file run38.pdb (PDB, C-alpha atoms)
ATOM      1  CA  MET A1459     -92.054 106.856 160.323
ATOM      2  CA  PRO A1460     -89.649 104.170 159.097
ATOM      3  CA  LEU A1461     -90.380 102.892 155.594
ATOM      4  CA  LEU A1462     -88.980  99.456 156.296
ATOM      5  CA  PRO A1463     -90.219  96.912 158.834
ATOM      6  CA  ASP A1464     -87.948  96.468 161.832
ATOM      7  CA  ARG A1465     -86.812  93.180 160.389
ATOM      8  CA  LEU A1466     -87.606  92.032 156.873
ATOM      9  CA  PRO A1467     -88.971  88.472 157.258
ATOM     10  CA  TRP A1468     -86.842  85.552 156.084
ATOM     11  CA  TYR A1469     -89.414  84.521 153.487
ATOM     12  CA  VAL A1470     -88.894  87.858 151.724
ATOM     13  CA  ALA A1471     -85.139  88.340 152.213
ATOM     14  CA  GLY A1472     -84.220  84.718 151.408
ATOM     15  CA  PRO A1473     -85.987  84.467 148.036
ATOM     16  CA  LEU A1474     -84.683  87.961 147.180
ATOM     17  CA  ILE A1475     -81.121  86.732 147.692
ATOM     18  CA  GLY A1476     -81.963  83.627 145.632
ATOM     19  CA  LEU A1477     -83.141  85.861 142.778
ATOM     20  CA  LEU A1478     -79.952  87.930 142.952
ATOM     21  CA  LEU A1479     -77.940  84.738 142.651
ATOM     22  CA  ILE A1480     -79.905  83.774 139.559
ATOM     23  CA  VAL A1481     -79.298  87.247 138.066
ATOM     24  CA  MET A1482     -75.546  87.074 138.699
ATOM     25  CA  TYR A1483     -75.231  83.567 137.289
ATOM     26  CA  SER A1484     -77.564  83.973 134.309
ATOM     27  CA  ALA A1485     -76.253  87.407 133.290
ATOM     28  CA  ALA A1486     -72.539  87.030 133.929
ATOM     29  CA  ASN A1487     -71.806  83.397 134.819
ATOM     30  CA  ARG A1488     -70.403  84.499 138.160
ATOM     31  CA  THR A1489     -71.009  83.632 141.806
ATOM     32  CA  ILE A1490     -71.478  86.121 144.591
ATOM     33  CA  GLY A1491     -68.654  85.410 147.003
ATOM     34  CA  VAL A1492     -67.975  88.161 149.473
ATOM     35  CA  SER A1493     -64.650  86.971 150.925
ATOM     36  CA  GLY A1494     -63.106  86.919 147.444
ATOM     37  CA  SER A1495     -64.335  90.481 146.983
ATOM     38  CA  TYR A1496     -62.377  91.621 150.049
ATOM     39  CA  LEU A1497     -59.180  90.468 148.340
ATOM     40  CA  GLU A1498     -60.296  92.099 145.112
ATOM     41  CA  VAL A1499     -60.667  95.419 146.958
ATOM     42  CA  LEU A1500     -57.232  94.928 148.519
ATOM     43  CA  GLY A1501     -55.756  94.261 145.076
ATOM     44  CA  PHE A1502     -57.508  97.359 143.727
ATOM     45  CA  LEU A1503     -56.034  99.520 146.513
ATOM     46  CA  ARG A1504     -52.591  98.096 145.753
ATOM     47  CA  ARG A1505     -53.149  98.803 142.034
ATOM     48  CA  ARG A1506     -52.695  95.157 141.079
ATOM     49  CA  PRO A1507     -54.325  94.193 137.780
ATOM     50  CA  SER A1508     -57.158  91.657 137.923
ATOM     51  CA  PRO A1509     -59.717  90.235 135.491
ATOM     52  CA  GLU A1510     -62.346  90.230 138.248
ATOM     53  CA  ARG A1511     -62.232  93.925 139.065
ATOM     54  CA  TRP A1512     -66.049  94.096 138.922
ATOM     55  CA  ARG A1513     -66.044  92.536 142.393
ATOM     56  CA  VAL A1514     -64.917  95.888 143.755
ATOM     57  CA  TRP A1515     -68.235  97.254 142.450
ATOM     58  CA  PHE A1516     -70.058  94.313 144.011
ATOM     59  CA  PHE A1517     -68.377  95.118 147.331
ATOM     60  CA  GLY A1518     -69.329  98.789 147.012
ATOM     61  CA  GLY A1519     -72.859  97.724 146.141
ATOM     62  CA  ILE A1520     -73.217  95.754 149.368
ATOM     63  CA  PHE A1521     -72.202  98.837 151.342
ATOM     64  CA  ALA A1522     -74.579 101.076 149.363
ATOM     65  CA  GLY A1523     -77.499  98.654 149.673
ATOM     66  CA  ALA A1524     -77.010  98.183 153.398
ATOM     67  CA  LEU A1525     -76.729 101.957 153.809
ATOM     68  CA  ALA A1526     -80.000 102.405 151.908
ATOM     69  CA  ALA A1527     -81.799  99.873 154.119
ATOM     70  CA  THR A1528     -80.439 101.597 157.220
ATOM     71  CA  ALA A1529     -81.478 105.015 155.883
ATOM     72  CA  LEU A1530     -85.048 103.768 155.380
ATOM     73  CA  ARG A1531     -85.106 103.008 159.078
ATOM     74  CA  GLY A1532     -83.989 106.492 160.020
ATOM     75  CA  GLY A1533     -80.342 106.538 159.109
ATOM     76  CA  PRO A1534     -77.179 104.965 160.414
ATOM     77  CA  ALA A1535     -76.224 105.826 163.974
ATOM     78  CA  LEU A1536     -72.447 105.651 164.280
ATOM     79  CA  GLY A1537     -71.396 103.853 167.406
ATOM     80  CA  LEU A1538     -69.443 101.098 169.090
ATOM     81  CA  ASP A1539     -72.453  98.996 170.046
ATOM     82  CA  TYR A1540     -72.031  95.263 169.424
ATOM     83  CA  GLY A1541     -75.222  93.927 170.982
ATOM     84  CA  THR A1542     -74.929  91.414 173.795
ATOM     85  CA  LEU A1543     -71.212  90.984 173.159
ATOM     86  CA  SER A1544     -70.433  94.631 173.937
ATOM     87  CA  ARG A1545     -72.446  94.362 177.154
ATOM     88  CA  ALA A1546     -70.542  91.220 178.197
ATOM     89  CA  LEU A1547     -67.049  92.494 177.363
ATOM     90  CA  PRO A1548     -65.188  95.787 177.770
ATOM     91  CA  LEU A1549     -64.032  97.476 174.582
ATOM     92  CA  ALA A1550     -60.396  96.627 175.335
ATOM     93  CA  ALA A1551     -61.247  92.916 175.148
ATOM     94  CA  LEU A1552     -63.821  93.230 172.378
ATOM     95  CA  VAL A1553     -61.457  94.742 169.811
ATOM     96  CA  PRO A1554     -58.815  91.977 169.936
ATOM     97  CA  LEU A1555     -61.545  89.315 170.023
ATOM     98  CA  LEU A1556     -63.208  90.706 166.912
ATOM     99  CA  PHE A1557     -59.865  90.970 165.136
ATOM    100  CA  LEU A1558     -59.077  87.351 166.005
ATOM    101  CA  ALA A1559     -62.526  86.265 164.841
ATOM    102  CA  GLY A1560     -61.991  88.084 161.543
ATOM    103  CA  LEU A1561     -58.569  86.496 161.170
ATOM    104  CA  LEU A1562     -59.996  82.993 161.710
ATOM    105  CA  MET A1563     -62.832  83.634 159.273
ATOM    106  CA  GLY A1564     -60.541  85.090 156.621
ATOM    107  CA  TYR A1565     -57.964  82.312 156.872
ATOM    108  CA  GLY A1566     -60.634  79.609 157.052
ATOM    109  CA  ALA A1567     -62.700  80.984 154.172
ATOM    110  CA  ARG A1568     -59.660  81.201 151.923
ATOM    111  CA  TRP A1569     -58.581  77.699 152.890
ATOM    112  CA  ALA A1570     -62.031  76.188 152.432
ATOM    113  CA  GLY A1571     -62.569  78.100 149.187
ATOM    114  CA  GLY A1572     -65.493  80.202 150.343
ATOM    115  CA  CYS A1573     -67.587  81.659 153.117
ATOM    116  CA  THR A1574     -71.275  81.861 153.989
ATOM    117  CA  SER A1575     -72.076  83.466 150.635
ATOM    118  CA  GLY A1576     -69.737  81.574 148.291
ATOM    119  CA  HIS A1577     -70.233  78.119 149.783
ATOM    120  CA  GLY A1578     -73.313  78.595 151.967
ATOM    121  CA  ILE A1579     -75.623  80.088 149.354
ATOM    122  CA  CYS A1580     -73.924  80.042 145.931
ATOM    123  CA  GLY A1581     -72.148  76.707 146.008
ATOM    124  CA  THR A1582     -75.101  74.916 147.553
ATOM    125  CA  SER A1583     -77.411  76.432 144.910
ATOM    126  CA  ALA A1584     -75.062  75.098 142.239
ATOM    127  CA  LEU A1585     -75.294  71.678 143.980
ATOM    128  CA  SER A1586     -71.558  71.638 144.629
ATOM    129  CA  PRO A1587     -70.577  68.716 146.897
ATOM    130  CA  GLY A1588     -67.687  70.624 148.495
ATOM    131  CA  SER A1589     -69.999  73.513 149.318
ATOM    132  CA  PHE A1590     -72.519  71.279 151.094
ATOM    133  CA  VAL A1591     -69.724  69.813 153.202
ATOM    134  CA  ALA A1592     -68.191  73.241 153.908
ATOM    135  CA  THR A1593     -71.581  74.689 154.879
ATOM    136  CA  ALA A1594     -72.500  71.795 157.144
ATOM    137  CA  THR A1595     -69.034  71.968 158.738
ATOM    138  CA  PHE A1596     -68.954  75.704 159.469
ATOM    139  CA  MET A1597     -72.511  75.661 160.730
ATOM    140  CA  ALA A1598     -71.810  72.742 163.047
ATOM    141  CA  ALA A1599     -68.551  74.352 164.257
ATOM    142  CA  ALA A1600     -70.292  77.682 164.868
ATOM    143  CA  VAL A1601     -73.167  76.073 166.786
ATOM    144  CA  VAL A1602     -70.724  74.112 168.969
ATOM    145  CA  VAL A1603     -68.488  77.141 169.668
ATOM    146  CA  THR A1604     -71.557  79.277 170.462
ATOM    147  CA  ALA A1605     -72.872  76.617 172.845
ATOM    148  CA  VAL A1606     -69.470  76.500 174.575
ATOM    149  CA  LEU A1607     -69.436  80.316 174.871
ATOM    150  CA  HIS A1608     -72.947  80.218 176.311
ATOM    151  CA  PHE A1609     -71.936  77.613 178.859
ATOM    152  CA  VAL A1610     -68.579  79.165 179.807
ATOM    153  CA  THR A1611     -70.071  82.646 180.294
ATOM    154  CA  GLY A1612     -72.876  81.258 182.433
ATOM    155  CA  GLY A1613     -75.502  82.274 179.892
ATOM    156  CA  ALA A1614     -74.250  85.869 179.507
ATOM    157  CA  LEU A1615     -73.647  85.164 175.825
TER     158      LEU A1615
ATOM    159  CA  MET B1440     -70.193  93.512 134.350
ATOM    160  CA  SER B1441     -69.402  96.230 136.878
ATOM    161  CA  GLY B1442     -72.958  97.554 136.658
ATOM    162  CA  VAL B1443     -74.504  94.123 137.236
ATOM    163  CA  GLY B1444     -72.027  93.550 140.062
ATOM    164  CA  PHE B1445     -72.958  96.807 141.732
ATOM    165  CA  LEU B1446     -76.709  96.243 141.420
ATOM    166  CA  VAL B1447     -76.566  92.657 142.659
ATOM    167  CA  GLY B1448     -74.303  93.810 145.498
ATOM    168  CA  ALA B1449     -76.735  96.583 146.368
ATOM    169  CA  GLY B1450     -79.655  94.158 146.480
ATOM    170  CA  PHE B1451     -77.624  91.747 148.576
ATOM    171  CA  GLY B1452     -76.501  94.441 151.017
ATOM    172  CA  PHE B1453     -80.063  95.731 151.240
ATOM    173  CA  ALA B1454     -81.406  92.250 152.037
ATOM    174  CA  LEU B1455     -78.695  91.625 154.651
ATOM    175  CA  ALA B1456     -79.344  94.885 156.478
ATOM    176  CA  ALA B1457     -83.140  94.772 156.076
ATOM    177  CA  ALA B1458     -83.270  91.266 157.587
ATOM    178  CA  ARG B1459     -80.802  92.407 160.292
ATOM    179  CA  LEU B1460     -78.188  89.800 159.492
ATOM    180  CA  ASN B1461     -75.675  92.556 160.282
ATOM    181  CA  ASP B1462     -76.794  92.453 163.914
ATOM    182  CA  TYR B1463     -74.646  90.379 166.316
ATOM    183  CA  ASP B1464     -77.658  89.205 168.314
ATOM    184  CA  VAL B1465     -79.565  87.945 165.264
ATOM    185  CA  ILE B1466     -76.647  85.687 164.283
ATOM    186  CA  HIS B1467     -75.894  84.786 167.904
ATOM    187  CA  ASN B1468     -79.515  83.716 168.484
ATOM    188  CA  MET B1469     -79.366  81.725 165.254
ATOM    189  CA  LEU B1470     -76.238  79.898 166.383
ATOM    190  CA  LEU B1471     -77.755  79.321 169.833
ATOM    191  CA  LEU B1472     -80.587  77.684 167.868
ATOM    192  CA  ARG B1473     -82.990  80.042 169.636
ATOM    193  CA  GLU B1474     -84.570  81.130 166.374
ATOM    194  CA  LEU B1475     -84.404  79.529 162.982
ATOM    195  CA  ASP B1476     -85.073  82.597 160.797
ATOM    196  CA  VAL B1477     -81.566  82.847 159.360
ATOM    197  CA  PHE B1478     -81.434  79.110 158.578
ATOM    198  CA  LEU B1479     -84.788  79.464 156.835
ATOM    199  CA  LEU B1480     -83.548  82.559 155.017
ATOM    200  CA  MET B1481     -80.555  80.671 153.619
ATOM    201  CA  ALA B1482     -82.670  77.619 152.795
ATOM    202  CA  SER B1483     -85.265  79.715 150.960
ATOM    203  CA  ALA B1484     -82.539  81.463 148.935
ATOM    204  CA  ILE B1485     -81.218  78.050 147.875
ATOM    205  CA  ALA B1486     -84.748  76.750 147.238
ATOM    206  CA  VAL B1487     -85.318  79.615 144.791
ATOM    207  CA  ALA B1488     -81.892  79.563 143.112
ATOM    208  CA  ALA B1489     -80.991  75.868 142.889
ATOM    209  CA  PRO B1490     -83.858  74.611 140.682
ATOM    210  CA  THR B1491     -83.666  77.658 138.415
ATOM    211  CA  LEU B1492     -79.914  77.336 137.955
ATOM    212  CA  TRP B1493     -80.274  73.617 137.333
ATOM    213  CA  VAL B1494     -82.841  74.199 134.571
ATOM    214  CA  LEU B1495     -80.765  77.024 133.046
ATOM    215  CA  SER B1496     -77.644  74.875 132.926
ATOM    216  CA  ARG B1497     -79.574  71.913 131.490
ATOM    217  CA  ARG B1498     -80.831  74.191 128.732
ATOM    218  CA  ARG B1499     -77.274  75.376 128.066
ATOM    219  CA  TRP B1500     -78.122  78.953 128.872
ATOM    220  CA  HIS B1501     -75.761  81.437 127.253
ATOM    221  CA  THR B1502     -75.070  84.322 129.615
ATOM    222  CA  PRO B1503     -74.870  87.736 127.923
ATOM    223  CA  LEU B1504     -71.696  88.740 129.771
ATOM    224  CA  GLY B1505     -69.865  85.534 130.641
ATOM    225  CA  GLY B1506     -70.310  82.888 127.962
ATOM    226  CA  PRO B1507     -72.162  79.585 128.439
ATOM    227  CA  LEU B1508     -73.474  79.083 131.961
ATOM    228  CA  ALA B1509     -71.126  76.830 133.920
ATOM    229  CA  LEU B1510     -72.103  76.202 137.525
ATOM    230  CA  GLN B1511     -68.983  76.148 139.672
ATOM    231  CA  ARG B1512     -68.733  72.963 141.672
ATOM    232  CA  CYS B1513     -65.928  71.819 143.907
ATOM    233  CA  ALA B1514     -64.989  68.469 145.383
ATOM    234  CA  VAL B1515     -64.726  67.628 149.061
ATOM    235  CA  GLU B1516     -61.153  67.942 150.281
ATOM    236  CA  ARG B1517     -59.469  68.014 153.648
ATOM    237  CA  LYS B1518     -58.949  71.778 153.367
ATOM    238  CA  THR B1519     -62.683  72.258 152.799
ATOM    239  CA  VAL B1520     -63.398  70.755 156.213
ATOM    240  CA  VAL B1521     -60.462  72.255 158.136
ATOM    241  CA  GLY B1522     -60.986  75.705 156.648
ATOM    242  CA  ALA B1523     -64.723  75.569 157.318
ATOM    243  CA  MET B1524     -64.095  74.632 160.964
ATOM    244  CA  MET B1525     -61.880  77.692 161.355
ATOM    245  CA  PHE B1526     -64.427  79.836 159.578
ATOM    246  CA  GLY B1527     -67.241  78.567 161.794
ATOM    247  CA  THR B1528     -65.221  79.333 164.937
ATOM    248  CA  GLY B1529     -64.642  82.937 163.852
ATOM    249  CA  TRP B1530     -68.278  83.254 162.790
ATOM    250  CA  ALA B1531     -69.437  82.174 166.253
ATOM    251  CA  LEU B1532     -67.056  84.563 168.044
ATOM    252  CA  ALA B1533     -67.923  87.644 165.977
ATOM    253  CA  GLY B1534     -71.569  86.819 165.249
ATOM    254  CA  THR B1535     -70.994  88.071 161.742
ATOM    255  CA  CYS B1536     -69.353  86.988 158.501
ATOM    256  CA  PRO B1537     -67.805  88.823 155.526
ATOM    257  CA  GLY B1538     -70.993  90.210 153.913
ATOM    258  CA  PRO B1539     -72.838  91.124 157.117
ATOM    259  CA  ALA B1540     -69.656  92.708 158.586
ATOM    260  CA  LEU B1541     -69.610  95.136 155.661
ATOM    261  CA  ALA B1542     -73.345  95.763 156.094
ATOM    262  CA  MET B1543     -72.707  96.314 159.814
ATOM    263  CA  VAL B1544     -70.265  99.113 159.047
ATOM    264  CA  ALA B1545     -72.734 100.612 156.552
ATOM    265  CA  GLY B1546     -75.292 100.595 159.366
ATOM    266  CA  GLY B1547     -72.950 102.599 161.606
ATOM    267  CA  GLY B1548     -71.505  99.701 163.630
ATOM    268  CA  LEU B1549     -67.889 100.826 163.651
ATOM    269  CA  LEU B1550     -66.607  97.671 165.372
ATOM    270  CA  GLY B1551     -67.463  95.855 162.148
ATOM    271  CA  LEU B1552     -64.341  97.561 160.789
ATOM    272  CA  VAL B1553     -62.218  95.554 163.235
ATOM    273  CA  VAL B1554     -63.729  92.335 161.875
ATOM    274  CA  MET B1555     -63.111  93.534 158.316
ATOM    275  CA  VAL B1556     -59.444  94.287 159.050
ATOM    276  CA  GLY B1557     -59.100  90.820 160.591
ATOM    277  CA  LEU B1558     -60.750  89.273 157.536
ATOM    278  CA  VAL B1559     -58.346  90.935 155.113
ATOM    279  CA  ALA B1560     -55.421  89.886 157.310
ATOM    280  CA  GLY B1561     -56.649  86.275 157.459
ATOM    281  CA  LEU B1562     -57.394  86.023 153.734
ATOM    282  CA  SER B1563     -53.968  87.465 152.854
ATOM    283  CA  LEU B1564     -52.217  85.293 155.412
ATOM    284  CA  ARG B1565     -53.745  82.146 153.900
ATOM    285  CA  ASP B1566     -52.584  83.230 150.439
ATOM    286  CA  ALA B1567     -49.079  83.853 151.770
ATOM    287  CA  VAL B1568     -48.967  80.446 153.491
ATOM    288  CA  ALA B1569     -50.312  78.714 150.383
ATOM    289  CA  ALA B1570     -47.724  80.431 148.172
ATOM    290  CA  ARG B1571     -44.948  79.375 150.546
ATOM    291  CA  SER B1572     -45.975  75.738 150.859
ATOM    292  CA  SER B1573     -46.641  75.265 147.155
ATOM    293  CA  ALA B1574     -43.430  76.956 146.018
ATOM    294  CA  PRO B1575     -41.119  73.908 146.089
ATOM    295  CA  ARG B1576     -43.554  71.499 144.513
ATOM    296  CA  ALA B1577     -45.233  72.076 141.195
ATOM    297  CA  GLN B1578     -48.917  72.536 141.859
ATOM    298  CA  ARG B1579     -51.687  72.387 139.338
ATOM    299  CA  PRO B1580     -52.817  75.897 138.431
ATOM    300  CA  LEU B1581     -55.426  77.311 140.754
ATOM    301  CA  ASP B1582     -58.866  77.618 139.246
ATOM    302  CA  ARG B1583     -59.080  81.362 139.305
ATOM    303  CA  SER B1584     -62.835  81.560 139.051
ATOM    304  CA  ILE B1585     -63.262  79.379 142.112
ATOM    305  CA  ALA B1586     -60.460  81.059 144.021
ATOM    306  CA  LEU B1587     -61.962  84.486 143.473
ATOM    307  CA  GLY B1588     -65.573  83.504 143.441
ATOM    308  CA  ARG B1589     -65.840  82.000 146.826
TER     309      ARG B1589
END

call {"tool": "encode", "arguments": {"input": "run38.pdb", "output": "structure tokens"}}
result
Amino acid sequence: MPLLPDRLPWYVAGPLIGLLLIVMYSAANRTIGVSGSYLEVLGFLRRRPSPERWRVWFFGGIFAGALAATALRGGPALGLDYGTLSRALPLAALVPLLFLAGLLMGYGARWAGGCTSGHGICGTSALSPGSFVATATFMAAAVVVTAVLHFVTGGAL
Amino acid sequence: MSGVGFLVGAGFGFALAAARLNDYDVIHNMLLLRELDVFLLMASAIAVAAPTLWVLSRRRWHTPLGGPLALQRCAVERKTVVGAMMFGTGWALAGTCPGPALAMVAGGGLLGLVVMVGLVAGLSLRDAVAARSSAPRAQRPLDRSIALGR
């Protein structure tokens, strides 16, 4: 019997994330940006010194928390499933596509100064003008690209 | 600081996985505008955090670990728009973003690792390009908190 509903409703998960933002800001005066944490982990692995080393712990926390949620549903099942995308594409095409998508996201997030967490949730909550523009832009771009994919694949995606 | 970081990260990762934001189809259906749950999730997070942070900063809240509360704000620049367009394109292709990709791997979705490798490559590549283009000209020092925080 899973202890967690199949999908935690948005009106629980959203406010929970809002509270976590308040905790991070009010306790430590820091934002929760995930893309920056990737670089912090990279720096840690390369033994480069950094004043923001705590972000490695934040990164580890995300993994641990997601693992806990998965365990409450009956544990992680290791596999290469990628939902509709893995049914539409063979693995040989999926791997390079996902790498390219990651590359675009990484480059774009660094250029724009943040991703869905840093700009989309944190920056907007801090009423940062650049974050509102970044969020509106990446959402609009993503909706347009998704619509194009849907059209080009004849509704397969 | 590390302890707070870990706990906040754990709560964040839990929320992402519990709400299935680490599932390609949840994000894909969001971006197809088939269901609005993830938009509402983000909006409700902001609706909780924004007013509280505003009041705390107005009252000059002193954070126990990081000095006086200073909300990080950034201006609108060309790079904000161009970078966000690239980010949005990758987001649409992968149906995941940096946090959910990590939560995807924690949930056993091994292909999330491919996205993560791409992310590290892209983030590092941007830093390398920025270092190259700013080398000849003197550039004002990068605001480290913003650079790392976002």

call {"tool": "resolve_selection", "arguments": {"input": "run38.pdb", "expression": "the PyMOL selection byres ((chain B and resi 1511) around 8)", "output": "list in words"}}
result
Gly1581, Ala1584 and Ser1586 of chain A; Ala1509, Leu1510, Arg1512, Cys1513 and Ile1585 of chain B

call {"tool": "residues_around", "arguments": {"input": "run38.pdb", "residues": "Gly1444 (chain B)", "least_positions_apart": "6", "cutoff": "8 Å", "atoms": "only C-alpha atoms", "output": "PyMOL selection string"}}
result
chain A and resi 1482+1512-1513+1515-1516+1519

call {"tool": "axis_aligned_box", "arguments": {"input": "run38.pdb", "around": "region 1485-1493 of chain A", "padding_each_side": "6 Å", "output": "JSON"}}
result
{"center_x": -70.5, "center_y": 85.8, "center_z": 142.1, "size_x": 23.6, "size_y": 16.8, "size_z": 29.6}

call {"tool": "atom_distance", "arguments": {"input": "run38.pdb", "atom1": "CA of Glu1474 (chain B)", "atom2": "CA of Arg1459 (chain B)"}}
result
13.4 Å

call {"tool": "resolve_selection", "arguments": {"input": "run38.pdb", "expression": "the PyMOL selection byres ((chain B and resi 1524) around 12)", "output": "PyMOL selection string"}}
result
(chain A and resi 1562-1567+1569-1570+1573+1591-1603) or (chain B and resi 1517-1523+1525-1531)

call {"tool": "write_last_selection", "arguments": {"input": "run38.pdb", "atoms": "C-alpha atoms", "output": "PDB file, in the frame of the given file"}}
result
ATOM      1  CA  LEU A1562     -59.996  82.993 161.710  1.00  0.00           C
ATOM      2  CA  MET A1563     -62.832  83.634 159.273  1.00  0.00           C
ATOM      3  CA  GLY A1564     -60.541  85.090 156.621  1.00  0.00           C
ATOM      4  CA  TYR A1565     -57.964  82.312 156.872  1.00  0.00           C
ATOM      5  CA  GLY A1566     -60.634  79.609 157.052  1.00  0.00           C
ATOM      6  CA  ALA A1567     -62.700  80.984 154.172  1.00  0.00           C
ATOM      7  CA  TRP A1569     -58.581  77.699 152.890  1.00  0.00           C
ATOM      8  CA  ALA A1570     -62.031  76.188 152.432  1.00  0.00           C
ATOM      9  CA  CYS A1573     -67.587  81.659 153.117  1.00  0.00           C
ATOM     10  CA  VAL A1591     -69.724  69.813 153.202  1.00  0.00           C
ATOM     11  CA  ALA A1592     -68.191  73.241 153.908  1.00  0.00           C
ATOM     12  CA  THR A1593     -71.581  74.689 154.879  1.00  0.00           C
ATOM     13  CA  ALA A1594     -72.500  71.795 157.144  1.00  0.00           C
ATOM     14  CA  THR A1595     -69.034  71.968 158.738  1.00  0.00           C
ATOM     15  CA  PHE A1596     -68.954  75.704 159.469  1.00  0.00           C
ATOM     16  CA  MET A1597     -72.511  75.661 160.730  1.00  0.00           C
ATOM     17  CA  ALA A1598     -71.810  72.742 163.047  1.00  0.00           C
ATOM     18  CA  ALA A1599     -68.551  74.352 164.257  1.00  0.00           C
ATOM     19  CA  ALA A1600     -70.292  77.682 164.868  1.00  0.00           C
ATOM     20  CA  VAL A1601     -73.167  76.073 166.786  1.00  0.00           C
ATOM     21  CA  VAL A1602     -70.724  74.112 168.969  1.00  0.00           C
ATOM     22  CA  VAL A1603     -68.488  77.141 169.668  1.00  0.00           C
TER      23      VAL A1603
ATOM     24  CA  ARG B1517     -59.469  68.014 153.648  1.00  0.00           C
ATOM     25  CA  LYS B1518     -58.949  71.778 153.367  1.00  0.00           C
ATOM     26  CA  THR B1519     -62.683  72.258 152.799  1.00  0.00           C
ATOM     27  CA  VAL B1520     -63.398  70.755 156.213  1.00  0.00           C
ATOM     28  CA  VAL B1521     -60.462  72.255 158.136  1.00  0.00           C
ATOM     29  CA  GLY B1522     -60.986  75.705 156.648  1.00  0.00           C
ATOM     30  CA  ALA B1523     -64.723  75.569 157.318  1.00  0.00           C
ATOM     31  CA  MET B1525     -61.880  77.692 161.355  1.00  0.00           C
ATOM     32  CA  PHE B1526     -64.427  79.836 159.578  1.00  0.00           C
ATOM     33  CA  GLY B1527     -67.241  78.567 161.794  1.00  0.00           C
ATOM     34  CA  THR B1528     -65.221  79.333 164.937  1.00  0.00           C
ATOM     35  CA  GLY B1529     -64.642  82.937 163.852  1.00  0.00           C
ATOM     36  CA  TRP B1530     -68.278  83.254 162.790  1.00  0.00           C
ATOM     37  CA  ALA B1531     -69.437  82.174 166.253  1.00  0.00           C
TER      38      ALA B1531
END

call {"tool": "resolve_selection", "arguments": {"input": "run38.pdb", "expression": "the PyMOL selection byres ((chain A and resi 1485-1489) around 6)", "output": "mmCIF file with C-alpha atoms, in the frame of the given file"}}
result
data_model
loop_
_atom_site.group_PDB
_atom_site.id
_atom_site.type_symbol
_atom_site.label_atom_id
_atom_site.label_comp_id
_atom_site.auth_asym_id
_atom_site.auth_seq_id
_atom_site.Cartn_x
_atom_site.Cartn_y
_atom_site.Cartn_z
ATOM 1 C CA VAL A 1481 -79.298 87.247 138.066
ATOM 2 C CA MET A 1482 -75.546 87.074 138.699
ATOM 3 C CA TYR A 1483 -75.231 83.567 137.289
ATOM 4 C CA SER A 1484 -77.564 83.973 134.309
ATOM 5 C CA ILE A 1490 -71.478 86.121 144.591
ATOM 6 C CA GLY A 1491 -68.654 85.410 147.003
ATOM 7 C CA THR B 1502 -75.070 84.322 129.615
ATOM 8 C CA PRO B 1503 -74.870 87.736 127.923
ATOM 9 C CA LEU B 1504 -71.696 88.740 129.771
ATOM 10 C CA GLY B 1505 -69.865 85.534 130.641
ATOM 11 C CA LEU B 1508 -73.474 79.083 131.961
ATOM 12 C CA GLY B 1588 -65.573 83.504 143.441
#

call {"tool": "closest_residue", "arguments": {"input": "run38.pdb", "among": "B:Ala1560, B:Leu1475, B:Leu1552, B:Ile1466", "to": "chain A", "atoms": "all atoms listed in the file"}}
result
B:Ala1560

call {"tool": "atom_distance", "arguments": {"input": "run38.pdb", "atom1": "CA of Leu1615 (chain A)", "atom2": "CA of Ala1559 (chain A)"}}
result
15.7 Å

call {"tool": "atom_distance", "arguments": {"input": "run38.pdb", "atom1": "CA of Gly1548 (chain B)", "atom2": "CA of Tyr1540 (chain A)"}}
result
7.3 Å

call {"tool": "residues_near_point", "arguments": {"input": "run38.pdb", "point": "(-70.1, 91.4, 168.9)", "cutoff": "7 Å", "atoms": "only C-alpha atoms", "output": "MDAnalysis selection string"}}
result
(chainID A and resid 1540:1544) or (chainID B and resid 1463 1533:1534)

call {"tool": "write_last_selection", "arguments": {"input": "run38.pdb", "atoms": "C-alpha atoms", "output": "tab-separated table (two decimals), keeping the file's coordinate frame"}}
result
chain	number	residue	atom	x	y	z
A	1540	TYR	CA	-72.03	95.26	169.42
A	1541	GLY	CA	-75.22	93.93	170.98
A	1542	THR	CA	-74.93	91.41	173.80
A	1543	LEU	CA	-71.21	90.98	173.16
A	1544	SER	CA	-70.43	94.63	173.94
B	1463	TYR	CA	-74.65	90.38	166.32
B	1533	ALA	CA	-67.92	87.64	165.98
B	1534	GLY	CA	-71.57	86.82	165.25

call {"tool": "residues_around", "arguments": {"input": "run38.pdb", "residues": "Ala1484 (chain B)", "least_positions_apart": "2", "cutoff": "8 Å", "atoms": "only C-alpha atoms", "output": "mmCIF file with C-alpha atoms, in the frame of the given file"}}
result
data_model
loop_
_atom_site.group_PDB
_atom_site.id
_atom_site.type_symbol
_atom_site.label_atom_id
_atom_site.label_comp_id
_atom_site.auth_asym_id
_atom_site.auth_seq_id
_atom_site.Cartn_x
_atom_site.Cartn_y
_atom_site.Cartn_z
ATOM 1 C CA GLY A 1472 -84.220 84.718 151.408
ATOM 2 C CA PRO A 1473 -85.987 84.467 148.036
ATOM 3 C CA LEU A 1474 -84.683 87.961 147.180
ATOM 4 C CA ILE A 1475 -81.121 86.732 147.692
ATOM 5 C CA GLY A 1476 -81.963 83.627 145.632
ATOM 6 C CA LEU A 1477 -83.141 85.861 142.778
ATOM 7 C CA ILE A 1579 -75.623 80.088 149.354
ATOM 8 C CA LEU B 1480 -83.548 82.559 155.017
ATOM 9 C CA MET B 1481 -80.555 80.671 153.619
ATOM 10 C CA ALA B 1482 -82.670 77.619 152.795
ATOM 11 C CA ALA B 1486 -84.748 76.750 147.238
ATOM 12 C CA VAL B 1487 -85.318 79.615 144.791
ATOM 13 C CA ALA B 1488 -81.892 79.563 143.112
#
